[in-house]
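Asker: I'd like to ask some things about the structure below.
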Amino acid sequence: MQKKEYEIKPGNCYPFGCKHYGGGANFSIFSRYATDVELLLFETAEDVEPFLVISLQKKINRTFYYWHVFIVALPLGTWYNWRIDGANLTRENGFSFDKEKHLIDPWARTVSQKNWSRKAGCKPGDNSRTAMRCCVVDDRYDWEGDLPMRISSEKSIIYELHVGGFTRHSSAKVAHPGTFSGLIEKIPYLQQLGITHVELLPVMAFDEQDVPRNTYDLGLKNYWGYSTHSFFSPHPGYCVTPEEGTHIQEFRDLVKALHKAGIGIIMDVVFNHTAESGAIGPIINFKGIGGKIFYHHDKFDKTIFIDYTGCGNTVNANHPLVASFIISCLEYWVNEMHVDGFRFDLASALTRGEHGEVLEDPPVLWGIELSEQLFKTKLIAEAWDAAGLYQVGSFPGYRWGEWNGRYRDVIRRFVRGDAGLLSEVATRICGSSDLYEHQGRLPISSINFVTCHDGFTLYDLFSYNEKKNLANGENNLDGCNENYSYNCGIEGDTEDSSILQLRKQQAKNVFAILLLSQGVPMLLAGDEFLNSQMGNNNAYCQDNGLSWLDWDTAAQNADMVNFVQQMIALRKRHPSIMRRQFLTGNNVEGKNIKDISWHGTQIDQPQWNEPETRLLAYTLAGMHADEADLHIVMNMSDEKASVDVPLISGKEWCLAVDTSLPSFHEVIPPRHQQLIKNQTYTVNSKTIVVLENRGSHSNLFVP
């Protein structure tokens, strides 16, 4: 860039951030209490010295609380920072102004972390050599007619994955491992699996250096990404050319490619806290602009940051400015980036008022729910925070889906063999009506999952009784202590074939239950091929082979991948599993059968009151005349059982699923199904069985 003088105009307060026009660039930032504001311009992201420093004048460049300036003919690709001071406003007043600190724009569309040092950011004074930078970018893009997808929730199957870890292992065999581009190369695999949405762990720009000191000293970093600092910028670490400012284009390429493949994209977003941590954390943006507004502070001692998140600070989400920031950010990702939905990390923190109290009707959440621009966007809440607030079944709003932690826990316990759970298992697999129906909500309010990024992988759930987190540098004190897991007889690795077979069968049982349940199923990437983290149930800092998916394992466990593919296919051909309304126990119109009826080993005799019973059976009616009914038996006891097959006039039953059968034979497509000739079927221990029926003269069955 040739150094020259630029014509400078007052500019406009809207839009926030930096907007490039043909004639130059407008910059705008909100800082209610600022007394001095400077804009610094750099030729590259790595430059230490700015080529231009513009001091904004209060009478010319300020409108209400907005500071703004327009620079004529400023080229795309220019990098910038802010410096802001608030005279006599100290930490004792709840402020963190530092007139020498380089700040990044909270509304920046692209940021670089090339020079970033978190340690330097924590110290007062000039950090020009170690600061992040923002980029003036071209936001034009050829979407080729693409729009956000509209897949109804009852038909959705979510697949949670980490953009970096999905393709970073050499076995992924992609051109650009660990990037948005690398994920594009794996789209054919996602299509073959049959999922409808990917849910990406945080992809907004985050601080990889935000880990505890002992963890940092081990050379580890923040891998999961729950440390956002720039909510409008894709994470530079997932870009092929991060220093060229191509972040927006690379992310849009991913979205467009997924949509062309018929797959929606849900973003895991972290609005409950930021990368700036508490009082001793770095000044990156919000603190230096007006931290008193953006964070919760102690009522009496403003130097103390209130922490409901376990991450050092809590975003003051229901302050009018902050609520507007969050809602406009979400609308940006939908309108400009074509995202299809959001999963909100520790969403219950967003229900807290400006003094930390739990609000019955939090403005920010209702603002999100009622936004016309977000009307068809999927909203999913992790309905708890780190301070004990647990709102599964009571999260404010009607549209929100919830990560159903109660589903996770009871299914884990049931599959490992715990007794006395039949009633709750029945409620959970039917969509958790006890949590949602009385509010007028629907089965799709329940996001059903057994594993996610946080905790054991599915294979580890049946390989370890205890977490193995020493590699994280926190003396194994991090991560959940109660996992409801069972190692099947040996802790960790083994060559015992019987134990290995049991672990695989238990994994199949979980997938079967999950994909047979009413509600929205969510799978963890890699579970379908028995990915292991060697017992680490909190791999947030493990950007290495422990967390990366090994695609050679996918080839070795092709039978598991096939099982999941077939179970997804079974779910998709049965609207009765994907109901939008709750089951009633009443007869289905046009059929002489209830929508659901419960059994034990004998028809119509469920053993609800038998505390040691671990077998549950039920018949699920097809929703339409041409849809087969299902008879499902879940035997999690250690003994096989002979169970009655229901009699339905004019119908004959065929075996569709038996998780105890050999690999590649556990799920039988309709064209290969065999008739059940007896009135009973033997269900082996630790086994899920599914029967499908057809008219007695159907020619779909192979004799």
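Chain labels follow the order of the structure tokens: the first chain is A, the next B, and so on; residue numbering restarts at 1 in every chain, and ligands are counted from 1 in their shown order.
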Counting only C-alpha atoms, which residues of range 483-512 of chain A sit at most 8 Å from some atom of range 410-430 of chain A, and what is each one's closest atom pair with its distance in Å to one decimal, listed by chain and rising residue number, as a Markdown table?
Answerer:
| residue | atom | partner | partner_atom | distance |
| --- | --- | --- | --- | --- |
| A:Tyr484 | CA | A:Arg413 | CA | 5.7 |
| A:Ser485 | CA | A:Arg416 | CA | 6.9 |
| A:Tyr486 | CA | A:Arg416 | CA | 6.2 |
| A:Gln506 | CA | A:Val415 | CA | 7.1 |
| A:Asn509 | CA | A:Val415 | CA | 7.3 |
| A:Val510 | CA | A:Val415 | CA | 7.1 |
Asker: Could those residues be written to a file, using C-alpha atoms, as a PDB file, in the first residue's frame?
Answerer:
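Result saved to result-v7.pdb:
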ATOM      1  CA  TYR A 484     -22.815 -42.914  34.256  1.00  0.00           C
ATOM      2  CA  SER A 485     -20.317 -45.037  32.365  1.00  0.00           C
ATOM      3  CA  TYR A 486     -19.337 -48.730  32.580  1.00  0.00           C
ATOM      4  CA  GLN A 506     -23.619 -51.189  23.696  1.00  0.00           C
ATOM      5  CA  ASN A 509     -27.820 -49.911  21.557  1.00  0.00           C
ATOM      6  CA  VAL A 510     -27.294 -46.216  22.263  1.00  0.00           C
TER       7      VAL A 510
END
Asker: What's the 12 Å shell around His197 in chain A, counting only C-alpha atoms, without same-chain residues fewer than 5 positions away, as a PyMOL selection string?
Answerer: chain A and resi 148-153+155-161+187+190-191+255+258-259+261-267+339-342+378+520-525
Asker: For C-alpha atoms, I'd like the residues from the last selection saved as an mmCIF file, in the first residue's frame.
Answerer:
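Output saved as again_10.cif:
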data_model
loop_
_atom_site.group_PDB
_atom_site.id
_atom_site.type_symbol
_atom_site.label_atom_id
_atom_site.label_comp_id
_atom_site.auth_asym_id
_atom_site.auth_seq_id
_atom_site.Cartn_x
_atom_site.Cartn_y
_atom_site.Cartn_z
ATOM 1 C CA PRO A 148 -30.722 -20.593 4.641
ATOM 2 C CA MET A 149 -32.302 -24.057 4.645
ATOM 3 C CA ARG A 150 -35.713 -24.864 6.057
ATOM 4 C CA ILE A 151 -35.569 -28.456 7.312
ATOM 5 C CA SER A 152 -38.342 -29.017 9.845
ATOM 6 C CA SER A 153 -37.085 -29.856 13.319
ATOM 7 C CA LYS A 155 -37.005 -34.376 10.510
ATOM 8 C CA SER A 156 -33.638 -33.087 11.699
ATOM 9 C CA ILE A 157 -30.680 -35.238 12.708
ATOM 10 C CA ILE A 158 -27.852 -33.158 14.151
ATOM 11 C CA TYR A 159 -24.177 -34.100 13.957
ATOM 12 C CA GLU A 160 -21.920 -32.165 16.344
ATOM 13 C CA LEU A 161 -18.380 -31.705 15.072
ATOM 14 C CA ILE A 187 -19.284 -33.466 2.805
ATOM 15 C CA LEU A 190 -21.829 -36.608 5.788
ATOM 16 C CA GLN A 191 -24.289 -37.186 2.958
ATOM 17 C CA VAL A 255 -22.102 -22.909 4.026
ATOM 18 C CA LEU A 258 -23.224 -27.808 2.723
ATOM 19 C CA HIS A 259 -26.490 -26.368 1.453
ATOM 20 C CA ALA A 261 -25.514 -31.138 -0.378
ATOM 21 C CA GLY A 262 -28.806 -30.667 1.472
ATOM 22 C CA ILE A 263 -27.151 -30.200 4.868
ATOM 23 C CA GLY A 264 -27.948 -27.335 7.232
ATOM 24 C CA ILE A 265 -25.444 -25.603 9.497
ATOM 25 C CA ILE A 266 -25.927 -24.794 13.180
ATOM 26 C CA MET A 267 -23.342 -22.676 15.008
ATOM 27 C CA VAL A 339 -26.483 -19.953 8.877
ATOM 28 C CA ASP A 340 -29.504 -22.146 9.700
ATOM 29 C CA GLY A 341 -29.436 -22.191 13.475
ATOM 30 C CA PHE A 342 -27.619 -21.580 16.739
ATOM 31 C CA LYS A 378 -33.272 -23.022 14.822
ATOM 32 C CA VAL A 520 -34.410 -34.228 17.730
ATOM 33 C CA PRO A 521 -31.439 -36.625 17.872
ATOM 34 C CA MET A 522 -27.907 -35.269 18.106
ATOM 35 C CA LEU A 523 -24.850 -37.444 17.377
ATOM 36 C CA LEU A 524 -21.237 -36.688 18.259
ATOM 37 C CA ALA A 525 -18.840 -36.853 15.316
#
Asker: Excluding range 303-309 of chain A and its own-chain neighbours fewer than 4 positions away, which residues fall within 6 Å of it when counting only C-alpha atoms? Please give them as a ChimeraX atom specification.
Answerer: /A:91-92,94,278,296-298,313-314,385-387
Asker: Can you pull out the residues contacting Ala34 in chain A? Cut-off 7 Å, using only C-alpha atoms, and skip same-chain residues under 3 positions away; I want them as a PDB file with C-alpha atoms, in the first residue's frame.
Answerer:
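Writing done, so here's out.pdb:
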ATOM      1  CA  SER A  31     -18.230   3.886  23.829  1.00  0.00           C
ATOM      2  CA  VAL A  37     -10.762   7.848  20.756  1.00  0.00           C
ATOM      3  CA  ILE A  84      -9.812   4.515  23.748  1.00  0.00           C
ATOM      4  CA  ASP A  85      -9.434   6.424  27.008  1.00  0.00           C
ATOM      5  CA  GLY A  86     -11.882   7.473  29.656  1.00  0.00           C
TER       6      GLY A  86
END
Asker: Quick one: distance from CA of Leu346 in chain A to CA of Tyr398 in chain A in Å, one decimal?
Answerer: 18.0 Å
Asker: From the DSSP assignment of the backbone, select every residue of range 24-263 of chain A that is helix (DSSP H, G or I), and format the answer as a ChimeraX atom specification.
Answerer: /A:58-61,91-93,118-122,153-155,163-167,170-172,180-185,187-193,213-217,236-238,242-244,247-260
Asker: Counting only C-alpha atoms, what is within 8 Å of Val315 in chain A, bar same-chain residues fewer than 2 positions away, as a VMD selection string?
Answerer: chain A and resid 271 to 274 294 to 296 313 317 350
Asker: Please write the residues from the selection above to a file, keeping C-alpha atoms, as a PDB file, in the first residue's frame.
Answerer:
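The resulting file, again33.pdb, is shown below:
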ATOM      1  CA  PHE A 271     -22.558 -15.152  24.374  1.00  0.00           C
ATOM      2  CA  ASN A 272     -22.430 -15.966  28.081  1.00  0.00           C
ATOM      3  CA  HIS A 273     -18.788 -14.869  28.538  1.00  0.00           C
ATOM      4  CA  THR A 274     -15.865 -13.620  26.470  1.00  0.00           C
ATOM      5  CA  PHE A 294     -20.779  -5.359  28.967  1.00  0.00           C
ATOM      6  CA  TYR A 295     -20.048  -7.439  32.076  1.00  0.00           C
ATOM      7  CA  HIS A 296     -21.610  -8.226  35.433  1.00  0.00           C
ATOM      8  CA  ASN A 313     -16.734 -13.108  33.537  1.00  0.00           C
ATOM      9  CA  ALA A 317     -26.734  -9.802  28.170  1.00  0.00           C
ATOM     10  CA  LEU A 350     -28.466 -15.079  29.356  1.00  0.00           C
TER      11      LEU A 350
END
